[in-house]
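Coordinates as given in entry00.cif (mmCIF, C-alpha atoms and all ligand atoms):
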```cif
data_work
loop_
_atom_site.label_atom_id
_atom_site.label_comp_id
_atom_site.auth_asym_id
_atom_site.auth_seq_id
_atom_site.Cartn_x
_atom_site.Cartn_y
_atom_site.Cartn_z
CA MET G 160 139.17 66.14 122.62
CA LYS G 161 141.17 64.55 119.81
CA ASN G 162 139.64 61.45 118.25
CA PHE G 163 142.67 59.19 117.87
CA LEU G 164 140.70 56.67 115.85
CA ASP G 165 139.71 59.10 113.10
CA PHE G 166 141.58 57.90 110.01
CA SER G 167 140.05 60.37 107.59
CA ASP G 168 142.58 61.65 105.04
CA LYS G 169 144.75 58.61 105.73
CA THR G 170 145.60 55.90 103.24
CA VAL G 171 145.59 52.34 104.56
CA VAL G 172 146.89 49.49 102.41
CA VAL G 173 146.14 45.88 103.36
CA ILE G 174 148.05 43.22 101.45
CA GLY G 175 146.15 39.94 101.56
CA GLY G 176 143.14 42.01 102.59
CA THR G 177 140.40 40.17 100.72
CA SER G 178 139.33 37.51 103.19
CA GLY G 179 139.32 36.49 106.82
CA ILE G 180 141.30 38.46 109.38
CA ASN G 181 142.89 40.89 106.93
CA ARG G 182 139.57 41.75 105.32
CA GLY G 183 138.19 42.39 108.80
CA ILE G 184 141.11 44.76 109.40
CA ALA G 185 140.44 46.58 106.12
CA GLU G 186 136.74 46.94 106.98
CA LEU G 187 137.49 48.32 110.42
CA PHE G 188 139.78 51.01 108.97
CA ALA G 189 137.05 51.78 106.41
CA ARG G 190 134.56 52.25 109.24
CA HIS G 191 137.02 54.70 110.79
CA ALA G 192 136.98 56.84 107.64
CA ALA G 193 140.27 55.75 106.04
CA ARG G 194 140.84 55.47 102.31
CA VAL G 195 141.54 51.76 101.96
CA ALA G 196 143.33 49.72 99.30
CA VAL G 197 143.46 45.92 99.31
CA ALA G 198 145.41 43.41 97.25
CA SER G 199 145.49 39.65 96.75
CA ARG G 200 145.76 37.12 93.92
CA SER G 201 142.09 36.78 93.03
CA GLN G 202 140.60 39.71 91.11
CA GLN G 203 137.15 38.46 92.11
CA LYS G 204 138.00 38.62 95.82
CA VAL G 205 139.51 42.08 95.32
CA ASP G 206 136.35 43.32 93.58
CA ASP G 207 134.05 41.86 96.26
CA THR G 208 136.11 43.41 99.05
CA VAL G 209 136.30 46.83 97.42
CA ALA G 210 132.50 46.75 97.04
CA SER G 211 132.06 45.91 100.73
CA LEU G 212 134.52 48.64 101.79
CA ARG G 213 132.59 51.16 99.71
CA ALA G 214 129.40 49.93 101.34
CA CYS G 215 131.01 50.95 104.67
CA GLY G 216 131.16 54.47 103.21
CA ALA G 217 134.89 54.44 102.49
CA GLU G 218 136.89 55.41 99.44
CA ALA G 219 138.34 52.09 98.35
CA MET G 220 140.34 50.49 95.59
CA GLY G 221 142.27 47.30 95.02
CA PHE G 222 144.56 45.39 92.72
CA SER G 223 145.40 41.81 92.02
CA ALA G 224 148.95 40.66 92.80
CA ASP G 225 150.75 37.61 94.14
CA VAL G 226 153.19 38.60 96.90
CA ARG G 227 155.67 36.26 95.20
CA ASP G 228 155.69 38.66 92.21
CA PRO G 229 157.60 41.86 93.12
CA ALA G 230 156.81 43.53 89.78
CA ALA G 231 153.05 43.06 90.21
CA LEU G 232 153.26 44.44 93.75
CA ALA G 233 155.31 47.44 92.60
CA SER G 234 152.92 48.37 89.83
CA GLY G 235 149.80 47.87 91.97
CA LEU G 236 151.21 49.94 94.83
CA ALA G 237 152.25 52.70 92.41
CA THR G 238 148.63 52.89 91.24
CA VAL G 239 147.39 53.21 94.81
CA HIS G 240 149.97 55.92 95.55
CA GLU G 241 148.97 57.84 92.45
CA ALA G 242 145.29 57.78 93.48
CA TYR G 243 145.53 58.10 97.26
CA GLY G 244 148.99 59.55 98.06
CA PRO G 245 151.49 58.31 100.67
CA PHE G 246 150.51 55.34 102.81
CA SER G 247 149.90 56.15 106.49
CA VAL G 248 149.29 52.48 107.30
CA LEU G 249 150.52 49.29 105.66
CA VAL G 250 149.25 45.90 106.85
CA SER G 251 150.99 42.86 105.38
CA GLY G 252 149.10 39.62 105.99
CA ALA G 253 149.14 37.31 102.97
CA ALA G 254 149.90 33.76 104.06
CA GLY G 255 149.56 30.12 103.12
CA ASN G 256 149.11 27.12 105.38
CA PHE G 257 148.37 23.42 105.29
CA PRO G 258 149.12 20.77 107.91
CA ALA G 259 151.90 18.45 106.78
CA LEU G 260 154.72 16.66 108.57
CA LEU G 261 158.15 17.57 107.24
CA THR G 262 158.60 14.12 105.73
CA GLN G 263 155.26 14.43 103.91
CA MET G 264 156.22 17.68 102.20
CA SER G 265 158.03 18.14 98.92
CA ALA G 266 160.71 20.80 98.84
CA ASN G 267 158.29 22.79 96.72
CA ALA G 268 155.57 22.56 99.36
CA PHE G 269 157.95 23.86 102.06
CA ARG G 270 159.19 26.56 99.66
CA ALA G 271 155.63 27.66 98.76
CA VAL G 272 154.93 28.76 102.34
CA ILE G 273 158.37 30.34 102.76
CA ASP G 274 157.84 32.20 99.47
CA ILE G 275 154.38 33.51 100.40
CA ASP G 276 154.85 34.30 104.10
CA LEU G 277 158.53 35.18 104.45
CA ILE G 278 159.83 36.26 101.04
CA GLY G 279 156.37 37.73 100.42
CA THR G 280 156.79 39.97 103.47
CA PHE G 281 160.21 41.06 102.17
CA ASN G 282 158.66 41.79 98.76
CA VAL G 283 155.81 43.80 100.28
CA MET G 284 158.14 45.83 102.51
CA GLN G 285 160.50 46.58 99.65
CA ALA G 286 157.79 47.46 97.13
CA ALA G 287 155.87 49.67 99.57
CA TYR G 288 158.87 51.51 101.04
CA PRO G 289 158.96 54.34 98.45
CA TYR G 290 155.29 55.12 99.12
CA LEU G 291 155.23 55.05 102.92
CA LEU G 292 154.58 58.37 104.65
CA LYS G 293 157.92 59.59 106.06
CA PRO G 294 157.75 60.43 108.88
CA GLY G 295 154.53 58.94 110.23
CA ALA G 296 153.82 55.60 108.58
CA ALA G 297 152.79 52.62 110.70
CA VAL G 298 153.58 49.17 109.31
CA ILE G 299 151.92 46.07 110.77
CA ASN G 300 152.99 42.56 109.83
CA ILE G 301 150.61 39.72 110.67
CA SER G 302 152.41 36.83 112.36
CA ALA G 303 151.08 33.66 114.02
CA PRO G 304 151.69 31.66 117.21
CA GLN G 305 153.83 29.33 115.06
CA ALA G 306 156.56 32.00 115.04
CA THR G 307 157.45 31.18 118.63
CA ILE G 308 155.59 27.93 119.45
CA PRO G 309 156.97 24.91 117.61
CA MET G 310 154.17 22.74 116.22
CA GLU G 311 154.05 19.36 114.57
CA ALA G 312 152.95 19.49 110.92
CA GLN G 313 153.82 23.21 110.82
CA SER G 314 157.62 23.34 110.30
CA HIS G 315 157.16 25.36 107.10
CA VAL G 316 154.83 27.89 108.78
CA CYS G 317 156.90 28.07 111.99
CA ALA G 318 160.06 28.80 110.00
CA ALA G 319 158.32 31.37 107.80
CA LYS G 320 156.53 33.29 110.56
CA ALA G 321 159.62 33.33 112.80
CA GLY G 322 161.30 35.11 109.90
CA VAL G 323 158.38 37.51 109.52
CA GLU G 324 158.77 38.54 113.17
CA MET G 325 162.51 39.09 112.72
CA ILE G 326 161.98 41.20 109.57
CA THR G 327 159.52 43.24 111.63
CA ARG G 328 161.98 43.82 114.44
CA CYS G 329 164.87 44.62 112.09
CA LEU G 330 162.77 47.16 110.16
CA ALA G 331 161.76 48.81 113.44
CA LEU G 332 165.46 49.65 113.69
CA GLU G 333 166.06 50.49 110.03
CA TRP G 334 162.94 52.61 109.54
CA GLY G 335 162.53 54.02 113.06
CA ALA G 336 165.10 56.68 112.32
CA GLN G 337 162.84 57.91 109.50
CA GLY G 338 159.90 58.27 111.87
CA MET G 339 158.15 55.10 110.80
CA ARG G 340 157.01 52.40 113.22
CA VAL G 341 157.04 48.71 112.36
CA ASN G 342 155.14 46.27 114.57
CA GLY G 343 153.65 42.80 114.39
CA ILE G 344 150.45 41.18 115.61
CA VAL G 345 150.06 37.54 116.59
CA PRO G 346 146.42 36.53 116.22
CA GLY G 347 145.17 33.60 118.25
CA PRO G 348 142.66 31.11 116.81
CA ILE G 349 140.20 33.32 114.93
CA ASP G 350 136.69 31.99 114.41
CA GLY G 351 135.34 31.43 110.92
CA THR G 352 138.63 31.92 109.08
CA GLU G 353 140.42 29.92 106.42
CA GLY G 354 143.30 29.36 108.81
CA MET G 355 141.03 27.75 111.39
CA GLN G 356 139.24 25.75 108.68
CA ARG G 357 142.59 24.29 107.65
CA LEU G 358 144.05 23.69 111.12
CA ALA G 359 140.87 22.91 113.04
CA PRO G 360 138.64 21.29 110.42
CA ASN G 361 136.36 19.48 112.87
CA ALA G 362 134.38 20.40 115.96
CA ALA G 363 136.62 18.38 118.30
CA ILE G 364 139.77 20.32 117.36
CA ARG G 365 137.91 23.63 117.26
CA ASP G 366 136.47 23.05 120.74
CA ALA G 367 139.86 21.96 122.06
CA ALA G 368 141.44 25.10 120.61
CA ARG G 369 138.75 27.29 122.18
CA ASP G 370 139.06 25.58 125.57
CA SER G 371 142.84 25.99 125.55
CA VAL G 372 142.52 29.78 125.25
CA PRO G 373 142.69 31.20 128.79
CA LEU G 374 139.75 33.52 127.94
CA ARG G 375 137.80 30.42 126.72
CA ARG G 376 136.70 31.92 123.44
CA LEU G 377 137.91 32.06 119.87
CA GLY G 378 138.89 35.48 118.54
CA SER G 379 137.23 37.54 115.84
CA PRO G 380 138.72 39.53 112.95
CA GLU G 381 137.51 42.63 114.81
CA ASP G 382 139.72 41.73 117.79
CA ILE G 383 142.72 41.89 115.45
CA GLY G 384 141.42 45.01 113.70
CA ASN G 385 141.09 46.81 117.02
CA ALA G 386 144.74 46.10 117.80
CA CYS G 387 145.67 47.43 114.35
CA LEU G 388 143.75 50.65 115.04
CA PHE G 389 145.74 51.10 118.24
CA LEU G 390 149.11 50.39 116.64
CA ALA G 391 148.35 52.57 113.62
CA SER G 392 147.04 55.56 115.60
CA ASP G 393 148.85 58.10 117.75
CA LEU G 394 147.76 56.03 120.75
CA GLY G 395 150.58 53.71 119.73
CA SER G 396 153.04 56.42 118.77
CA TYR G 397 155.83 55.11 121.04
CA VAL G 398 155.32 51.44 120.13
CA ASN G 399 157.94 50.23 117.67
CA GLY G 400 159.33 46.74 117.07
CA ALA G 401 156.65 45.16 119.26
CA ILE G 402 155.08 41.82 118.41
CA LEU G 403 151.67 42.14 120.03
CA PRO G 404 149.83 38.93 120.92
CA VAL G 405 146.07 39.30 120.41
CA GLU G 406 145.13 35.78 121.39
CA GLY G 407 143.30 35.71 124.70
CA GLY G 408 146.49 34.43 126.33
CA TRP G 409 146.79 31.40 124.01
CA LEU G 410 150.58 31.69 123.77
CA GLN G 411 150.75 31.18 127.55
CA SER G 412 149.26 27.72 127.06
CA GLY G 413 151.70 26.87 124.26
CA ALA G 414 148.84 27.32 121.80
CA GLY G 415 147.01 24.47 123.48
CA GLY G 416 149.05 21.66 121.97
CA LEU G 417 147.55 22.34 118.53
CA GLY G 418 150.58 20.77 116.85
CA ARG G 419 149.88 17.38 118.43
CA MET G 420 146.34 17.47 117.04
CA LEU G 421 147.65 18.53 113.64
CA ALA G 422 149.97 15.56 113.56
CA THR G 423 146.95 13.29 113.84
CA LEU G 424 145.32 15.07 110.92
CA ALA G 425 148.44 14.96 108.81
CA ARG G 426 149.11 11.27 109.29
CA PRO G 427 146.15 9.23 110.57
CA GLY G 428 147.11 5.90 112.06
CA THR G 429 150.34 7.05 113.67
CA ALA G 430 151.03 6.75 117.38
CA SER G 431 149.92 10.35 117.91
CA ALA G 432 146.71 9.68 115.99
CA GLU G 433 145.82 6.87 118.34
CA LYS G 434 146.19 8.92 121.54
C1 LIG H 501 151.47 18.51 101.50
C2 LIG H 501 150.91 20.19 100.03
C3 LIG H 501 149.64 20.36 100.65
C4 LIG H 501 149.33 19.51 101.76
C5 LIG H 501 149.78 21.79 99.02
N1 LIG H 501 150.94 21.10 99.02
N2 LIG H 501 148.98 21.36 99.99
N3 LIG H 501 151.81 19.30 100.45
N4 LIG H 501 150.28 18.61 102.15
N5 LIG H 501 148.18 19.59 102.40
C6 LIG H 501 152.05 21.24 98.08
C7 LIG H 501 151.66 21.03 96.63
O1 LIG H 501 151.55 19.66 96.30
C8 LIG H 501 152.85 21.70 95.92
O2 LIG H 501 153.98 20.86 95.95
C9 LIG H 501 153.17 22.87 96.83
O3 LIG H 501 152.58 22.58 98.11
C10 LIG H 501 152.58 24.18 96.31
O4 LIG H 501 151.19 23.96 96.09
P1 LIG H 501 150.36 24.78 95.00
O5 LIG H 501 148.93 24.43 95.15
O6 LIG H 501 151.00 24.64 93.65
O7 LIG H 501 150.69 26.27 95.48
P2 LIG H 501 149.88 27.60 95.38
O8 LIG H 501 148.82 27.54 94.31
O9 LIG H 501 150.88 28.66 95.30
O10 LIG H 501 149.09 27.65 96.80
C11 LIG H 501 149.75 27.90 98.01
C12 LIG H 501 149.11 27.09 99.15
C13 LIG H 501 147.57 27.26 99.13
C14 LIG H 501 149.74 27.57 100.45
C15 LIG H 501 149.44 25.63 98.95
O11 LIG H 501 146.99 26.44 100.10
C16 LIG H 501 147.15 28.70 99.32
O12 LIG H 501 147.11 29.48 98.36
N6 LIG H 501 146.79 29.11 100.55
C17 LIG H 501 146.34 30.51 100.84
C18 LIG H 501 145.24 30.55 101.87
C19 LIG H 501 145.67 30.00 103.20
O13 LIG H 501 146.44 29.03 103.31
N7 LIG H 501 145.13 30.61 104.27
C20 LIG H 501 145.37 30.18 105.63
C21 LIG H 501 146.35 31.07 106.29
S1 LIG H 501 146.33 30.67 108.02
P3 LIG H 501 154.44 19.98 94.67
O14 LIG H 501 155.70 19.30 95.09
O15 LIG H 501 153.30 19.02 94.41
O16 LIG H 501 154.64 20.97 93.55
C22 LIG H 501 147.83 30.81 108.68
C23 LIG H 501 148.00 30.58 110.15
C24 LIG H 501 146.81 29.96 110.86
O17 LIG H 501 148.75 31.14 108.01
C25 LIG H 501 147.09 29.77 112.34
C26 LIG H 501 145.85 29.26 113.08
C27 LIG H 501 146.09 29.09 114.51
P1 LIG H 502 142.84 33.84 104.59
O1 LIG H 502 141.39 34.13 104.74
O2 LIG H 502 143.26 32.69 103.75
O3 LIG H 502 143.52 35.18 104.08
C1 LIG H 502 144.70 35.19 103.32
C2 LIG H 502 144.65 36.40 102.42
O4 LIG H 502 145.89 36.50 101.73
C3 LIG H 502 143.56 36.32 101.37
O5 LIG H 502 143.12 37.62 101.07
C4 LIG H 502 144.29 35.72 100.16
O6 LIG H 502 143.60 36.10 98.97
C5 LIG H 502 145.65 36.38 100.33
N1 LIG H 502 146.75 35.61 99.77
C6 LIG H 502 147.06 34.31 99.98
N2 LIG H 502 148.15 33.97 99.28
C7 LIG H 502 148.54 35.10 98.63
C8 LIG H 502 149.60 35.39 97.75
N3 LIG H 502 150.49 34.45 97.37
N4 LIG H 502 149.71 36.66 97.26
C9 LIG H 502 148.81 37.62 97.61
N5 LIG H 502 147.80 37.40 98.44
C10 LIG H 502 147.66 36.14 98.93
O7 LIG H 502 143.56 33.62 106.00
P2 LIG H 502 143.26 33.98 107.53
O8 LIG H 502 143.03 32.71 108.23
O9 LIG H 502 142.30 35.08 107.68
O10 LIG H 502 144.73 34.49 107.97
C11 LIG H 502 145.13 35.82 107.71
C12 LIG H 502 146.46 36.11 108.37
O11 LIG H 502 146.38 35.88 109.78
C13 LIG H 502 147.61 35.27 107.86
O12 LIG H 502 148.80 36.03 107.86
C14 LIG H 502 147.70 34.18 108.91
O13 LIG H 502 148.99 33.61 108.96
C15 LIG H 502 147.38 34.95 110.16
N6 LIG H 502 146.84 34.12 111.26
C16 LIG H 502 145.62 33.55 111.13
C17 LIG H 502 145.07 32.86 112.21
C18 LIG H 502 143.69 32.27 112.13
O14 LIG H 502 143.16 31.80 113.16
N7 LIG H 502 143.05 32.29 110.99
C19 LIG H 502 145.82 32.70 113.39
C20 LIG H 502 147.09 33.27 113.47
C21 LIG H 502 147.58 33.99 112.40
P3 LIG H 502 143.82 35.37 97.54
O15 LIG H 502 143.40 33.95 97.72
O16 LIG H 502 142.97 36.17 96.61
O17 LIG H 502 145.27 35.52 97.21
#
```

Conversion result in structure tokens:
Amino acid sequence: MKNFLDFSDKTVVVIGGTSGINRGIAELFARHAARVAVASRSQQKVDDTVASLRACGAEAMGFSADVRDPAALASGLATVHEAYGPFSVLVSGAAGNFPALLTQMSANAFRAVIDIDLIGTFNVMQAAYPYLLKPGAAVINISAPQATIPMEAQSHVCAAKAGVEMITRCLALEWGAQGMRVNGIVPGPIDGTEGMQRLAPNAAIRDAARDSVPLRRLGSPEDIGNACLFLASDLGSYVNGAILPVEGGWLQSGAGGLGRMLATLARPGTASAEK
């Protein structure tokens, strides 16, 4: 019987793959025999991740690049292509987040998140396109509940991730004809990650987030990695343009009113802080 989750002889590239959820995704592909390349800004984080991927028994490499720098992405991806050949899987997950009400943000603060999440996704898609396996590549963009659930203190992230989901759906059309599939994943609140540290920095908010998930647990990077394996394998060969929630049903509860709690963090002493 065919093992659909055997990624040997396949090249998987994870942009923003050096911590948290995306690193978990990279490690899962490594454990399924893929050749894995990761990229992010910090050379130290790239080196650490490559070492851990090799410890999983995988061929691995990485490069340092800011997704806001198309030239750095292009040259790093060219190096990966030269070493590992066409990309069977591309995961794009670099993102920035901090809780801030719109009136507390400078234009530069708003722009920073748009530049990393939204323009960064555009840059990654454009720089990787020449190297994607045609036909056959699977592209996965990492979104967030903010793309569809409006949240206080998250206008920058909501706007950026909504755009990421639309890029994903548009590329499913543009690239589908070339035999490539483009999908998105919406992680729920994932335990132990930078995102949760920033948006749920104390036990009260973390517990409230967990209790608002219908399954009553926080997610793990492996939960998201498993969904990536499905989307990237032939098991998902007729899935294109889907935005797959992997969140224990959290979207059904409007992400548990996280935005209201964030407003209290962003501006202590306001009416919402006193509730
Ligand atoms: C208001 C803030 C701010 C804050 C930064 N800024 N933090 N404004 N409140 N808390 C402002 C700065 O003052 C600056 O504006 C502008 O934002 C850019 O900041 P820099 O530090 O110069 O930018 P940069 O070095 O590029 O860093 C980007 C960053 C940073 C987003 C600000 O936090 C970062 O690199 N984050 C990456 C890791 C991360 O965020 N991971 C979590 C992803 S979780 P001025 O006007 O002063 O120049 C996620 C979803 C989680 O995406 C969902 C959970 C449910
Ligand atoms: P994280 O640990 O902060 O991971 C972000 C990754 O992107 C890191 O490898 C970081 O490395 C890299 N990165 C950040 N800015 C970059 C830039 N400008 N250019 C290149 N790389 C950059 O975050 P996380 O919490 O695991 O979140 C990962 C993804 O899941 C994000 O897309 C996030 O929106 C999404 N998400 C997270 C949660 C959650 O609960 N955590 C929920 C929903 C969605 P460097 O610092 O080295 O650049």

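For the atom pair formed by atom CA of G:Lys204 and atom CA of G:Gly175, the distance is 10.1 Å, given to one decimal.
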
**OP:** Find the residues around G:Ala359 up to 10 Å (only C-alpha atoms counted), leave out those fewer than 6 positions away in its own chain, and share them as a ChimeraX atom specification.
**Re:** /G:258,348,353,365-368,417,420-421,424

Subject >> Contact residues around stretch 319-329 of chain G with all atoms listed in the file at 6 Å, ignoring same-chain residues under 3 positions, as an MDAnalysis selection string >> reply: chainID G and resid 273 276:277 302 306 316 332 400

**OP:** Can you pull out every residue within 10 Å of G:Thr208, counting all atoms listed in the file, but drop anything in the same chain fewer than 5 positions away, and send it as a list in words?
**Re:**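 My reading of the contact set: Gly176, Thr177, Ser178, Arg182, Ala185, Glu186, Ala196, Val197, Ala198, Gln202, Gln203, Arg213, Ala214, Ala219, Met220 and Gly221 of chain G.
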
**OP:** Check which residues fall inside 7 Å of ligand LIG 501 (chain H) when counting all atoms listed in the file, and print them as a PyMOL selection string.
**Re:** chain G and resi 254-259+263-269+271-272+303-304+316+347-348+353-355+357-358

Original post:
Using all atoms listed in the file, which of the listed residues (G:Arg200, G:Arg190, G:Arg270, G:Lys293) sits closest to ligand LIG 502 (chain H)?
Top reply: G:Arg200

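With distances restricted to all atoms listed in the file, G:Ala297 is the closest residue to G:Leu394 from G:Ala297, G:Leu377, G:Leu212, G:Leu187.
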
Residues near G:Asn342, cut-off 12 Å, only C-alpha atoms, skip fewer than 5 positions along chain, as a PDB file with C-alpha atoms, keeping the file's coordinate frame:
```pdb
ATOM      1  CA  VAL G 248     149.290  52.480 107.300  1.00  0.00           C
ATOM      2  CA  LEU G 249     150.520  49.290 105.660  1.00  0.00           C
ATOM      3  CA  VAL G 250     149.250  45.900 106.850  1.00  0.00           C
ATOM      4  CA  SER G 251     150.990  42.860 105.380  1.00  0.00           C
ATOM      5  CA  ALA G 296     153.820  55.600 108.580  1.00  0.00           C
ATOM      6  CA  ALA G 297     152.790  52.620 110.700  1.00  0.00           C
ATOM      7  CA  VAL G 298     153.580  49.170 109.310  1.00  0.00           C
ATOM      8  CA  ILE G 299     151.920  46.070 110.770  1.00  0.00           C
ATOM      9  CA  ASN G 300     152.990  42.560 109.830  1.00  0.00           C
ATOM     10  CA  ILE G 301     150.610  39.720 110.670  1.00  0.00           C
ATOM     11  CA  SER G 302     152.410  36.830 112.360  1.00  0.00           C
ATOM     12  CA  VAL G 323     158.380  37.510 109.520  1.00  0.00           C
ATOM     13  CA  GLU G 324     158.770  38.540 113.170  1.00  0.00           C
ATOM     14  CA  MET G 325     162.510  39.090 112.720  1.00  0.00           C
ATOM     15  CA  ILE G 326     161.980  41.200 109.570  1.00  0.00           C
ATOM     16  CA  THR G 327     159.520  43.240 111.630  1.00  0.00           C
ATOM     17  CA  ARG G 328     161.980  43.820 114.440  1.00  0.00           C
ATOM     18  CA  CYS G 329     164.870  44.620 112.090  1.00  0.00           C
ATOM     19  CA  LEU G 330     162.770  47.160 110.160  1.00  0.00           C
ATOM     20  CA  ALA G 331     161.760  48.810 113.440  1.00  0.00           C
ATOM     21  CA  LEU G 332     165.460  49.650 113.690  1.00  0.00           C
ATOM     22  CA  TRP G 334     162.940  52.610 109.540  1.00  0.00           C
ATOM     23  CA  GLY G 335     162.530  54.020 113.060  1.00  0.00           C
ATOM     24  CA  ALA G 386     144.740  46.100 117.800  1.00  0.00           C
ATOM     25  CA  CYS G 387     145.670  47.430 114.350  1.00  0.00           C
ATOM     26  CA  PHE G 389     145.740  51.100 118.240  1.00  0.00           C
ATOM     27  CA  LEU G 390     149.110  50.390 116.640  1.00  0.00           C
ATOM     28  CA  ALA G 391     148.350  52.570 113.620  1.00  0.00           C
ATOM     29  CA  GLY G 395     150.580  53.710 119.730  1.00  0.00           C
ATOM     30  CA  SER G 396     153.040  56.420 118.770  1.00  0.00           C
ATOM     31  CA  TYR G 397     155.830  55.110 121.040  1.00  0.00           C
ATOM     32  CA  VAL G 398     155.320  51.440 120.130  1.00  0.00           C
ATOM     33  CA  ASN G 399     157.940  50.230 117.670  1.00  0.00           C
ATOM     34  CA  GLY G 400     159.330  46.740 117.070  1.00  0.00           C
ATOM     35  CA  ALA G 401     156.650  45.160 119.260  1.00  0.00           C
ATOM     36  CA  ILE G 402     155.080  41.820 118.410  1.00  0.00           C
ATOM     37  CA  LEU G 403     151.670  42.140 120.030  1.00  0.00           C
ATOM     38  CA  PRO G 404     149.830  38.930 120.920  1.00  0.00           C
TER      39      PRO G 404
END
```

**OP:** In Å, rounded to a single decimal, give me how far atom CA of G:Pro346 is from atom CA of G:Gln305.
**Re:**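 Value for the atom CA of G:Gln305-atom CA of G:Pro346 distance: 10.4 Å.
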
Step by step, gather every atom of ligand LIG 502 (chain H) that the file lists, find the box along x, y and z that holds them, add 8 Å on each side, and finally give centre and edge lengths in Å to one decimal, as JSON.
```
{"center_x": 145.9, "center_y": 34.7, "center_z": 105.0, "size_x": 25.1, "size_y": 21.8, "size_z": 32.9}
```
